[in-house]
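What's in work04.txt: compact mmCIF, C-alpha atoms
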# COMPACT_ATOMS: atom_id res chain seq x y z
CA MET A 1106 139.90 98.24 -202.06
CA ASP A 1107 141.39 101.45 -200.60
CA THR A 1108 142.61 101.39 -197.04
CA GLN A 1109 141.66 104.56 -195.19
CA ASN A 1110 144.51 106.24 -193.33
CA TYR A 1111 143.27 106.30 -189.74
CA TYR A 1112 146.34 108.15 -188.54
CA GLU A 1113 145.55 111.15 -190.74
CA LEU A 1114 141.91 110.96 -189.73
CA LEU A 1115 142.94 111.30 -186.07
CA GLY A 1116 145.66 113.80 -186.82
CA VAL A 1117 148.37 111.69 -185.16
CA ASP A 1118 151.68 110.27 -186.32
CA PRO A 1119 151.77 106.60 -187.44
CA THR A 1120 154.16 105.98 -184.54
CA ALA A 1121 151.73 107.45 -181.97
CA SER A 1122 151.28 105.61 -178.69
CA ALA A 1123 148.01 104.02 -177.63
CA GLU A 1124 147.43 106.87 -175.16
CA GLU A 1125 147.86 109.51 -177.89
CA ILE A 1126 145.44 107.63 -180.11
CA ARG A 1127 142.96 107.34 -177.24
CA GLN A 1128 143.10 111.13 -176.61
CA ALA A 1129 142.61 111.90 -180.32
CA LEU A 1130 139.62 109.55 -180.45
CA SER A 1131 138.06 111.24 -177.42
CA ALA A 1132 138.45 114.70 -178.94
CA MET A 1133 136.90 113.66 -182.26
CA ARG A 1134 134.00 111.87 -180.57
CA THR A 1135 133.16 115.06 -178.67
CA ARG A 1136 133.07 117.01 -181.91
CA PHE A 1137 130.88 114.57 -183.82
CA ARG A 1138 128.44 113.96 -180.95
CA ARG A 1139 127.38 117.59 -181.31
CA LEU A 1140 126.23 116.89 -184.86
CA THR A 1141 123.91 114.11 -183.69
CA SER A 1142 121.68 116.67 -181.96
CA HIS A 1143 121.48 118.98 -184.97
CA PRO A 1144 117.98 119.67 -186.42
CA ASP A 1145 119.25 118.85 -189.92
CA ARG A 1146 118.86 115.10 -190.39
CA ALA A 1147 121.66 115.01 -192.98
CA LYS A 1148 124.10 116.38 -190.44
CA VAL A 1149 122.83 113.95 -187.81
CA ARG A 1150 123.51 111.04 -190.17
CA ALA A 1151 126.97 112.41 -190.96
CA GLY A 1152 127.76 112.63 -187.25
CA GLU A 1153 126.50 109.10 -186.63
CA ASP A 1154 128.56 107.76 -189.53
CA ARG A 1155 131.70 109.39 -188.19
CA LEU A 1156 131.10 108.01 -184.70
CA GLU A 1157 130.62 104.55 -186.19
CA LEU A 1158 133.90 104.95 -188.08
CA LEU A 1159 135.69 106.00 -184.89
CA GLU A 1160 134.47 102.84 -183.19
CA HIS A 1161 136.12 100.82 -185.94
CA VAL A 1162 139.30 102.94 -185.70
CA GLU A 1163 139.45 102.28 -181.95
CA LYS A 1164 139.11 98.52 -182.40
CA THR A 1165 141.84 98.56 -185.05
CA LEU A 1166 144.49 100.86 -183.58
CA LEU A 1167 144.10 99.97 -179.90
CA ASN A 1168 144.45 96.25 -180.58
CA ALA A 1169 148.12 95.37 -181.06
CA SER A 1170 147.67 92.50 -183.54
CA ALA A 1171 144.95 94.35 -185.47
CA ARG A 1172 147.16 97.45 -185.69
CA ILE A 1173 150.10 95.45 -187.06
CA ALA A 1174 147.91 93.93 -189.76
CA TYR A 1175 146.40 97.38 -190.54
CA ASP A 1176 149.86 99.01 -190.83
CA ARG A 1177 150.97 96.25 -193.19
CA ASP A 1178 147.91 96.66 -195.43
CA LEU A 1179 148.27 100.45 -195.43
CA ALA A 1180 151.96 100.23 -196.34
CA GLN A 1181 151.27 97.79 -199.17
CA GLU A 1182 148.51 99.97 -200.62
CA GLN A 1183 150.57 103.15 -200.50
CA GLY A 1184 153.64 101.36 -201.84
CA THR A 1185 155.74 102.61 -198.94
CA SER A 1186 156.07 102.21 -195.20
CA ALA A 1187 153.20 103.59 -193.17
CA PHE A 1188 155.78 105.13 -190.90
CA THR A 1189 157.39 107.32 -193.56
CA GLY A 1190 154.68 109.92 -193.14
CA ASN A 1191 153.17 109.50 -196.63
CA SER A 1192 149.65 110.89 -196.32
CA GLY A 1193 148.17 109.07 -199.25
CA SER A 1194 146.20 112.26 -199.95
CA GLU A 1195 145.70 111.32 -203.59
CA THR A 1196 143.67 108.21 -202.77
CA LYS A 1197 140.00 108.13 -203.58
CA SER A 1198 139.01 108.50 -199.92
CA ASN A 1199 141.19 111.18 -198.34
CA PRO A 1200 140.67 111.38 -194.56
CA ARG A 1201 142.17 114.84 -194.41
CA ILE A 1202 139.70 116.15 -196.96
CA GLU A 1203 136.82 114.48 -195.13
CA GLY A 1204 137.96 115.96 -191.84
CA LEU A 1205 138.27 119.46 -193.33
CA ARG A 1206 134.81 119.17 -194.85
CA ILE A 1207 133.30 118.31 -191.48
CA ASP A 1208 135.27 121.13 -189.85
CA MET A 1209 133.93 123.59 -192.43
CA ARG A 1210 130.34 122.57 -191.85
CA TYR A 1211 130.72 122.71 -188.12
CA ALA A 1212 132.29 126.21 -188.29
CA TRP A 1213 129.39 127.26 -190.55
CA GLU A 1214 126.80 126.07 -188.04
CA GLN A 1215 128.61 127.85 -185.21
CA ASN A 1216 128.84 131.09 -187.27
CA ASN A 1217 132.60 131.00 -186.72
CA TRP A 1218 133.57 132.80 -189.92
CA ASN A 1219 137.28 133.09 -189.17
CA SER A 1220 137.58 129.36 -188.65
CA LEU A 1221 135.40 128.69 -191.68
CA ALA A 1222 137.72 130.81 -193.83
CA LYS A 1223 140.77 128.96 -192.48
CA PHE A 1224 139.30 125.51 -193.14
CA ALA A 1225 137.99 126.50 -196.57
CA GLN A 1226 141.35 127.95 -197.58
CA SER A 1227 143.05 124.72 -196.51
CA MET A 1228 140.53 122.73 -198.50
CA THR A 1229 141.03 124.79 -201.69
CA ARG A 1230 144.79 124.34 -201.41
CA LEU A 1231 144.39 120.60 -200.90
CA LYS A 1232 141.62 120.13 -203.47
CA GLN A 1233 141.37 123.14 -205.73
CA ASP A 1234 138.35 121.93 -207.66
CA ASP A 1235 136.16 121.58 -204.55
CA SER A 1236 133.25 123.92 -205.29
CA GLU A 1237 131.79 123.58 -201.78
CA ALA A 1238 135.02 124.91 -200.27
CA TRP A 1239 134.93 127.94 -202.57
CA GLU A 1240 131.30 128.55 -201.59
CA MET A 1241 132.18 128.38 -197.90
CA LEU A 1242 135.13 130.69 -198.44
CA ALA A 1243 132.92 133.29 -200.12
CA ILE A 1244 130.44 133.09 -197.24
CA ALA A 1245 133.22 133.52 -194.66
CA TYR A 1246 134.64 136.55 -196.49
CA LEU A 1247 131.23 138.24 -196.67
CA LEU A 1248 129.91 137.49 -193.19
CA GLY A 1249 133.11 137.55 -191.16
CA ASP A 1250 134.26 140.45 -189.00
CA TRP A 1251 137.36 141.39 -190.94
CA ASP A 1252 139.61 144.41 -190.56
CA ARG A 1253 139.36 145.14 -194.29
CA ASN A 1254 136.96 144.85 -197.19
CA ARG A 1255 137.07 141.32 -198.60
CA ARG A 1256 134.29 141.65 -201.17
CA ARG A 1257 136.70 141.27 -204.07
CA GLU A 1258 138.07 138.05 -202.60
CA ALA A 1259 134.52 136.83 -202.04
CA GLN A 1260 133.65 137.51 -205.69
CA HIS A 1261 136.75 135.56 -206.75
CA ALA A 1262 135.66 132.64 -204.57
CA ILE A 1263 132.20 132.72 -206.17
CA SER A 1264 133.75 132.69 -209.65
CA GLN A 1265 135.91 129.73 -208.68
CA ALA A 1266 132.87 127.85 -207.32
CA ARG A 1267 131.12 128.31 -210.68
CA ARG A 1268 134.27 127.34 -212.54
CA TYR A 1269 134.47 124.05 -210.70
CA GLY A 1270 130.84 123.14 -211.30
CA SER A 1271 128.92 124.35 -208.26
CA ASP A 1272 125.35 123.06 -208.35
CA ASN A 1273 124.16 125.70 -205.87
CA GLU A 1274 123.60 128.66 -208.17
CA GLU A 1275 120.94 130.06 -205.86
CA LEU A 1276 123.45 130.39 -203.02
CA LEU A 1277 126.01 132.04 -205.30
CA LEU A 1278 123.42 134.57 -206.48
CA ASN A 1279 122.49 135.34 -202.88
CA LEU A 1280 126.14 136.03 -202.12
CA GLU A 1281 126.54 138.22 -205.20
CA TYR A 1282 123.43 140.17 -204.18
CA ILE A 1283 125.05 140.93 -200.83
CA ILE A 1284 128.22 142.08 -202.59
CA ALA A 1285 126.28 144.34 -204.96
CA ASN A 1286 124.39 145.98 -202.09
CA LYS A 1287 127.52 146.50 -200.00
CA SER A 1288 129.25 147.97 -203.06
CA LYS A 1289 126.27 150.29 -203.75
CA ASP A 1290 126.05 148.85 -207.28
CA MET A 1291 122.28 149.03 -207.62
CA SER A 1292 122.18 148.16 -211.32
CA ARG A 1293 124.02 144.95 -210.59
CA ALA A 1294 121.75 144.32 -207.59
CA VAL A 1295 118.67 144.61 -209.84
CA GLU A 1296 120.18 142.19 -212.34
CA ILE A 1297 121.02 139.60 -209.67
CA ALA A 1298 117.69 140.02 -207.89
CA GLN A 1299 115.88 139.38 -211.19
CA GLN A 1300 117.86 136.16 -211.68
CA ARG A 1301 116.90 135.01 -208.18
CA VAL A 1302 113.21 135.64 -208.89
CA ASN A 1303 113.54 133.71 -212.16
CA ILE A 1304 114.93 130.73 -210.22
CA ASP A 1305 112.16 130.82 -207.60
CA PRO A 1306 109.22 133.06 -208.66
CA GLU A 1307 107.20 132.16 -205.56
CA ASN A 1308 109.88 133.19 -203.07
CA ALA A 1309 108.50 136.32 -201.37
CA ASP A 1310 111.92 137.25 -199.97
CA TYR A 1311 113.40 137.31 -203.48
CA ILE A 1312 110.50 139.45 -204.71
CA TYR A 1313 111.03 141.82 -201.76
CA ASP A 1314 114.73 142.20 -202.61
CA PHE A 1315 113.97 142.69 -206.31
CA VAL A 1316 111.45 145.49 -205.67
CA THR A 1317 113.79 147.15 -203.17
CA ALA A 1318 116.66 147.00 -205.66
CA LEU A 1319 114.48 148.58 -208.37
CA TRP A 1320 113.52 151.42 -206.05
CA ASN A 1321 117.10 152.03 -204.91
CA ASN A 1322 118.20 152.07 -208.55
CA GLY A 1323 115.78 154.91 -209.30
CA GLN A 1324 113.29 152.72 -211.18
CA ARG A 1325 110.36 153.86 -209.06
CA ALA A 1326 107.57 153.16 -211.56
CA GLU A 1327 108.82 149.61 -212.15
CA ALA A 1328 109.17 149.05 -208.41
CA LEU A 1329 105.62 150.20 -207.71
CA GLN A 1330 104.22 148.08 -210.53
CA SER A 1331 106.13 145.02 -209.32
CA ILE A 1332 105.06 145.38 -205.69
CA GLU A 1333 101.40 145.77 -206.70
CA GLN A 1334 101.62 142.53 -208.67
CA ALA A 1335 103.39 140.78 -205.81
CA VAL A 1336 100.81 141.87 -203.22
CA ALA A 1337 98.01 140.67 -205.51
CA ILE A 1338 99.64 137.21 -205.60
CA HIS A 1339 100.89 137.01 -202.00
CA VAL A 1340 97.78 138.44 -200.39
CA ASN A 1341 98.61 137.50 -196.81
CA ASN A 1342 102.32 138.33 -196.79
CA PRO A 1343 102.84 141.10 -194.21
CA ASP A 1344 106.37 141.95 -195.39
CA LEU A 1345 105.25 142.62 -198.95
CA GLN A 1346 102.23 144.59 -197.74
CA ARG A 1347 104.46 146.74 -195.56
CA LEU A 1348 106.85 147.29 -198.47
CA GLN A 1349 103.95 148.32 -200.69
CA ALA A 1350 102.75 150.87 -198.13
CA ASP A 1351 106.30 152.10 -197.55
CA LEU A 1352 106.98 152.67 -201.26
CA ARG A 1353 103.59 154.29 -201.87
CA LEU A 1354 104.21 156.68 -199.00
CA ARG A 1355 107.71 157.44 -200.26
CA GLU A 1356 106.33 158.14 -203.73
CA ALA A 1357 103.64 160.39 -202.25
CA ASN A 1358 106.28 162.16 -200.18
CA LEU A 1359 108.18 163.02 -203.35
CA GLN A 1360 105.22 165.03 -204.64
CA GLY A 1361 106.14 168.59 -203.72
CA VAL A 1362 109.11 170.86 -203.18
CA VAL A 1363 111.06 171.73 -200.08
CA TYR A 1364 110.15 175.25 -198.99
CA LYS A 1365 111.03 176.78 -195.63
CA LYS A 1366 112.29 173.43 -194.31
CA ASP A 1367 109.04 171.69 -195.17
CA ILE A 1368 107.57 169.91 -198.18
CA ARG A 1369 104.95 171.99 -200.00
CA ILE A 1370 102.56 170.86 -202.72
CA VAL A 1371 102.58 173.44 -205.52
CA SER A 1372 100.33 172.03 -208.27
CA LYS A 1373 97.12 170.16 -208.93
CA ASP A 1374 99.08 167.32 -210.49
CA GLN A 1375 101.00 166.85 -207.26
CA ILE A 1376 97.77 166.75 -205.28
CA LYS A 1377 96.32 164.16 -207.69
CA ALA A 1378 99.47 162.01 -207.60
CA THR A 1379 99.65 162.15 -203.81
CA ARG A 1380 96.01 161.18 -203.37
CA THR A 1381 96.41 158.34 -205.89
CA ASN A 1382 99.32 156.87 -203.97
CA LEU A 1383 97.49 157.17 -200.67
CA SER A 1384 94.40 155.51 -202.14
CA MET A 1385 96.49 152.49 -203.15
CA ILE A 1386 97.15 151.71 -199.49
CA THR A 1387 94.36 149.52 -198.18
CA ASP A 1388 93.49 149.43 -194.47
CA ALA A 1389 95.71 152.40 -193.69
CA HIS A 1390 94.54 152.35 -190.07
CA LEU A 1391 96.27 148.97 -189.66
CA LEU A 1392 99.68 150.28 -190.69
CA PRO A 1393 102.57 150.10 -188.21
CA ASP A 1394 103.01 153.24 -186.12
CA ASP A 1395 105.90 154.67 -188.14
CA LEU A 1396 104.08 154.28 -191.46
CA LEU A 1397 100.77 155.43 -190.00
CA GLN A 1398 102.35 158.67 -188.79
CA MET A 1399 103.86 159.21 -192.24
CA TYR A 1400 100.48 158.51 -193.87
CA ARG A 1401 98.72 161.06 -191.67
CA ALA A 1402 101.40 163.68 -192.27
CA ILE A 1403 101.10 163.33 -196.05
CA ASP A 1404 97.29 163.30 -195.90
CA ASN A 1405 97.31 166.49 -193.81
CA ARG A 1406 99.68 168.06 -196.34
CA VAL A 1407 97.14 167.44 -199.11
CA ILE A 1408 94.29 168.83 -197.03
CA TYR A 1409 96.32 171.92 -196.21
CA ALA A 1410 97.32 172.45 -199.86
CA ARG A 1411 93.65 172.49 -200.91
CA ARG A 1412 92.55 174.79 -198.11
CA ARG A 1413 91.88 178.47 -198.86
CA PRO A 1414 93.13 181.13 -196.43
CA PHE A 1415 90.53 183.58 -195.06
CA THR A 1416 91.98 186.79 -193.64
CA ILE A 1417 90.60 190.29 -193.02
CA GLY A 1418 92.74 191.66 -195.81
CA ARG A 1419 91.49 189.10 -198.29
CA LEU A 1420 87.87 189.67 -197.24
CA ILE A 1421 88.26 193.42 -197.81
CA ARG A 1422 89.86 192.77 -201.19
CA PHE A 1423 86.98 190.43 -202.06
CA GLY A 1424 84.43 193.13 -201.21
CA VAL A 1425 86.27 195.70 -203.29
CA TYR A 1426 86.52 193.32 -206.28
CA VAL A 1427 82.78 192.57 -206.11
CA ILE A 1428 81.80 196.24 -205.91
CA VAL A 1429 84.12 197.21 -208.75
CA GLY A 1430 82.82 194.27 -210.76
CA PHE A 1431 79.23 195.32 -210.26
CA ILE A 1432 80.05 198.88 -211.32
CA LEU A 1433 81.87 197.74 -214.43
CA MET A 1434 79.10 195.32 -215.37
CA GLY A 1435 76.54 198.11 -214.84
CA ILE A 1436 78.41 200.15 -217.45
CA ILE A 1437 79.16 197.34 -219.88
CA THR A 1438 75.71 195.66 -219.83
CA PRO A 1439 73.69 198.54 -221.41
CA ILE A 1440 76.33 199.04 -224.07
CA LEU A 1441 76.39 195.41 -225.11
CA SER A 1442 72.56 195.16 -224.93
CA GLY A 1443 72.19 198.20 -227.19
CA ILE A 1444 74.59 196.76 -229.75
CA ALA A 1445 72.84 193.38 -229.62
CA SER A 1446 69.40 195.00 -230.04
CA ILE A 1447 70.39 195.94 -233.57
CA VAL A 1448 70.16 192.28 -234.51
CA GLY A 1449 67.21 191.62 -232.20
CA ALA A 1450 69.25 189.95 -229.42
CA GLY A 1451 69.26 192.80 -226.93
CA GLU A 1452 66.98 191.07 -224.43
CA ALA A 1453 69.02 187.83 -224.43
CA VAL A 1454 72.32 189.68 -223.96
CA HIS A 1455 70.87 191.75 -221.13
CA THR A 1456 69.63 188.59 -219.39
CA PHE A 1457 73.01 186.89 -219.72
CA MET A 1458 74.95 189.92 -218.49
CA SER A 1459 72.62 190.28 -215.50
CA PHE A 1460 73.11 186.63 -214.63
CA PHE A 1461 76.90 186.97 -214.98
CA THR A 1462 76.86 190.07 -212.78
CA VAL A 1463 74.96 188.33 -209.99
CA PHE A 1464 76.87 185.05 -210.01
CA GLY A 1465 79.98 185.36 -212.15
CA VAL A 1466 81.50 188.45 -210.57
CA PRO A 1467 81.39 187.08 -206.97
CA ILE A 1468 82.73 183.67 -208.06
CA ILE A 1469 85.64 185.13 -210.02
CA SER A 1470 86.40 187.56 -207.20
CA PHE A 1471 86.34 184.69 -204.67
CA ILE A 1472 88.70 182.54 -206.75
CA HIS A 1473 91.09 185.43 -207.17
CA CYS A 1474 91.03 186.63 -203.57
CA PHE A 1475 90.98 183.24 -201.86
CA PRO A 1476 93.31 180.93 -203.84
CA PRO A 1477 94.21 177.50 -202.36
CA TYR A 1478 97.48 177.28 -200.49
CA TRP A 1479 99.12 175.27 -203.26
CA LYS A 1480 98.76 178.29 -205.57
CA ILE A 1481 100.17 180.59 -202.92
CA PHE A 1482 103.14 178.27 -202.43
CA GLN A 1483 103.55 178.04 -206.20
CA LYS A 1484 103.96 181.81 -206.47
CA GLU A 1485 106.25 182.01 -203.46
CA VAL A 1486 108.47 179.21 -204.74
CA GLY A 1487 108.50 180.80 -208.20
CA ARG A 1488 109.78 184.07 -206.72
CA ARG A 1489 112.75 182.39 -205.02
Could you quickly redo this structure as structure tokens?
Amino acid sequence: MDTQNYYELLGVDPTASAEEIRQALSAMRTRFRRLTSHPDRAKVRAGEDRLELLEHVEKTLLNASARIAYDRDLAQEQGTSAFTGNSGSETKSNPRIEGLRIDMRYAWEQNNWNSLAKFAQSMTRLKQDDSEAWEMLAIAYLLGDWDRNRRREAQHAISQARRYGSDNEELLLNLEYIIANKSKDMSRAVEIAQQRVNIDPENADYIYDFVTALWNNGQRAEALQSIEQAVAIHVNNPDLQRLQADLRLREANLQGVVYKKDIRIVSKDQIKATRTNLSMITDAHLLPDDLLQMYRAIDNRVIYARRRPFTIGRLIRFGVYVIVGFILMGIITPILSGIASIVGAGEAVHTFMSFFTVFGVPIISFIHCFPPYWKIFQKEVGRR
């Protein structure tokens, strides 16, 4: 049976006095008592186990006869004197490794990334194949407030964690997704986000990240299709519903061209596409203020693009076109009726031409003189 090295556990020399041992015990108890109030039951149990171990350490090292017997057993197991400083770090139960692991987890819970990096680095030097240490190191490099970019080091730590058999692939993918976003590598972000969704298809956060990555990578159609499917499945998820509205509004906002520092719709297809995107947003009146303002601005843009301008000049032009049209039709109608009468269709042609004169000429004149604004913008943009 292995004898645990209590001196290394306490961080004291084997020749330490009882007072030094008592101070080390007090410091470690303070640290582990904090774990007993943690909401994670696993960490509570770990803290309780460590406190129980410290009770045994105290009874062993602060009792003279018990300490002598313990030192003898420890020396025999290590094959050398306990006072030579041999750590016995290669034994199955290494107190230093256990202590570092607890320190890492405590630094993680306190969001102390600098300390987490220090403890994780020490752990990887002491036990290179410890995948948890490499995971913690990657987290510290990504979330810490460093004076330089440590994304490359974080990626190396992730690779090492996989190399040494990490069973937390989901965490590693989450870290790689952060790296891809910070590096502006959207293709890689899409790839990683897809893997995360494959691992947990019901995770709405993963779906959100996947759709966002598609959009940022320029795959707008795929992003819109994916968010529609996600909203249909996660009906009551407000984050996905907001993302759907946001992307639909962005897509609608892309319909048009920038003209005179504003976005102008210049074709029927743009009007149709804009109205389609707006119609996909259900309960628009319930949108958050920022999205609701954007929705109204785009809707007003469509209304304005379809509106026809009425000015005095255009009204005069309309009147002139109608009069000229009537005059021309008055000349053309008898000629065509006479030609058609040769084959016995003179009356029908005259009726048709009269009808066209009464209704067709004003309608054509109106369309020509009062075009919708999108046509006006189309001509103005074309002349630029």
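Residues lying within 8 Å of Ala1410 in chain A, counting all atoms listed in the file and ignoring same-chain neighbours fewer than 4 positions away, are Arg1369, Ile1370, Val1371, Ile1376, Arg1406, Pro1477, Tyr1478 and Trp1479 of chain A.
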Would you list the residues near (141.1, 112.0, -189.1), meaning any protein, DNA or RNA residue with an atom at most 8 Å from that point in file coordinates, counting all atoms listed in the file, as a PyMOL selection string? chain A and resi 1110-1116+1200-1201+1203-1204
Arg1255 in chain A surroundings by all atoms listed in the file, 12 Å radius, close-in-sequence under 3 positions cut, as a ChimeraX atom specification: /A:1222,1242-1252,1258-1262,1284,1287-1288
Identify, on the basis of all atoms listed in the file, every residue whose closest approach to Cys1474 in chain A does not exceed 7 Å; exclude the query and any residue fewer than 6 positions from it along the same chain; express the result as JSON, numbers by chain. {"A": [1419, 1422, 1423]}
Mind working out the centre and edge lengths of an axis-aligned box for range 1386-1396 of chain A, all listed atoms inside, 4 Å added to each side, rounded to one decimal in Å and written as lines of an AutoDock Vina configuration file?
center_x = 99.7
center_y = 151.8
center_z = -192.8
size_x = 20.4
size_y = 13.7
size_z = 21.4
Using only C-alpha atoms, which of the listed residues (A:Ile1386, A:Leu1130, A:Ala1402, A:Leu1158) sits closest to Val1336 in chain A? A:Ile1386
So that I can check the surroundings of range 1452-1461 of chain A, please list as number ranges by chain every protein, DNA and RNA residue that reaches within 10 Å of it, counting only C-alpha atoms and ignoring chain neighbours fewer than 2 positions away. A: 1431, 1434-1435, 1437-1446, 1449-1450, 1463-1468
Of the residues A:Asn1199, A:Ile1297, A:Lys1289, A:Arg1257, which is the one nearest to Glu1274 in chain A, using only C-alpha atoms? A:Ile1297
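Note that CA of Ile1403 in chain A and CA of Val1486 in chain A are 19.5 Å apart.
CA of Leu1319 in chain A to CA of Tyr1400 in chain A spans 22.5 Å [interatomic distance, one decimal].
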Quick one: residues within 9 Å of Phe1224 in chain A, all atoms listed in the file, excluding same-chain residues fewer than 6 positions away - as a count of residues only? 7
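Distances here use all atoms listed in the file; by that measure, the residue among A:Ala1266, A:Ala1309, A:Leu1359, A:Ile1432 closest to Asn1341 in chain A is A:Ala1309.
Atom pair CA of Val1295 in chain A / CA of Gln1324 in chain A has a distance of 9.8 Å (rounded to one decimal).
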Add whatever atoms are absent from range 1430-1449 of chain A to reach N, CA and C atoms, and provide the output as a short mmCIF file (atom, residue, chain, number, x, y, z; two decimals), in the coordinates of the input.
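Contents of the output file selection-v8.cif:
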data_model
loop_
_atom_site.label_atom_id
_atom_site.label_comp_id
_atom_site.auth_asym_id
_atom_site.auth_seq_id
_atom_site.Cartn_x
_atom_site.Cartn_y
_atom_site.Cartn_z
N GLY A 1430 83.38 195.11 -209.71
CA GLY A 1430 82.82 194.27 -210.76
C GLY A 1430 81.39 194.65 -211.08
N PHE A 1431 80.62 194.89 -210.04
CA PHE A 1431 79.23 195.32 -210.26
C PHE A 1431 79.19 196.63 -211.02
N ILE A 1432 80.04 197.57 -210.64
CA ILE A 1432 80.05 198.88 -211.32
C ILE A 1432 80.40 198.71 -212.78
N LEU A 1433 81.46 197.93 -213.05
CA LEU A 1433 81.87 197.74 -214.43
C LEU A 1433 80.78 197.04 -215.24
N MET A 1434 80.16 196.02 -214.66
CA MET A 1434 79.10 195.32 -215.37
C MET A 1434 77.91 196.23 -215.60
N GLY A 1435 77.64 197.17 -214.65
CA GLY A 1435 76.54 198.11 -214.84
C GLY A 1435 76.80 199.04 -216.01
N ILE A 1436 78.08 199.29 -216.30
CA ILE A 1436 78.41 200.15 -217.45
C ILE A 1436 78.41 199.33 -218.74
N ILE A 1437 78.98 198.14 -218.67
CA ILE A 1437 79.16 197.34 -219.88
C ILE A 1437 77.83 196.75 -220.38
N THR A 1438 76.94 196.35 -219.44
CA THR A 1438 75.71 195.66 -219.83
C THR A 1438 74.83 196.48 -220.78
N PRO A 1439 74.52 197.76 -220.47
CA PRO A 1439 73.69 198.54 -221.41
C PRO A 1439 74.34 198.71 -222.78
N ILE A 1440 75.65 198.85 -222.77
CA ILE A 1440 76.33 199.04 -224.07
C ILE A 1440 76.19 197.80 -224.93
N LEU A 1441 76.48 196.65 -224.33
CA LEU A 1441 76.39 195.41 -225.11
C LEU A 1441 74.94 195.11 -225.51
N SER A 1442 73.97 195.41 -224.61
CA SER A 1442 72.56 195.16 -224.93
C SER A 1442 72.11 196.03 -226.09
N GLY A 1443 72.56 197.30 -226.10
CA GLY A 1443 72.19 198.20 -227.19
C GLY A 1443 72.74 197.71 -228.51
N ILE A 1444 74.00 197.26 -228.50
CA ILE A 1444 74.59 196.76 -229.75
C ILE A 1444 73.84 195.51 -230.21
N ALA A 1445 73.51 194.63 -229.26
CA ALA A 1445 72.84 193.38 -229.62
C ALA A 1445 71.41 193.62 -230.09
N SER A 1446 70.79 194.73 -229.64
CA SER A 1446 69.40 195.00 -230.04
C SER A 1446 69.28 195.28 -231.53
N ILE A 1447 70.42 195.65 -232.13
CA ILE A 1447 70.39 195.94 -233.57
C ILE A 1447 70.01 194.68 -234.35
N VAL A 1448 70.46 193.54 -233.82
CA VAL A 1448 70.16 192.28 -234.51
C VAL A 1448 69.03 191.53 -233.78
N GLY A 1449 68.35 192.22 -232.89
CA GLY A 1449 67.21 191.62 -232.20
C GLY A 1449 67.58 190.70 -231.05
#
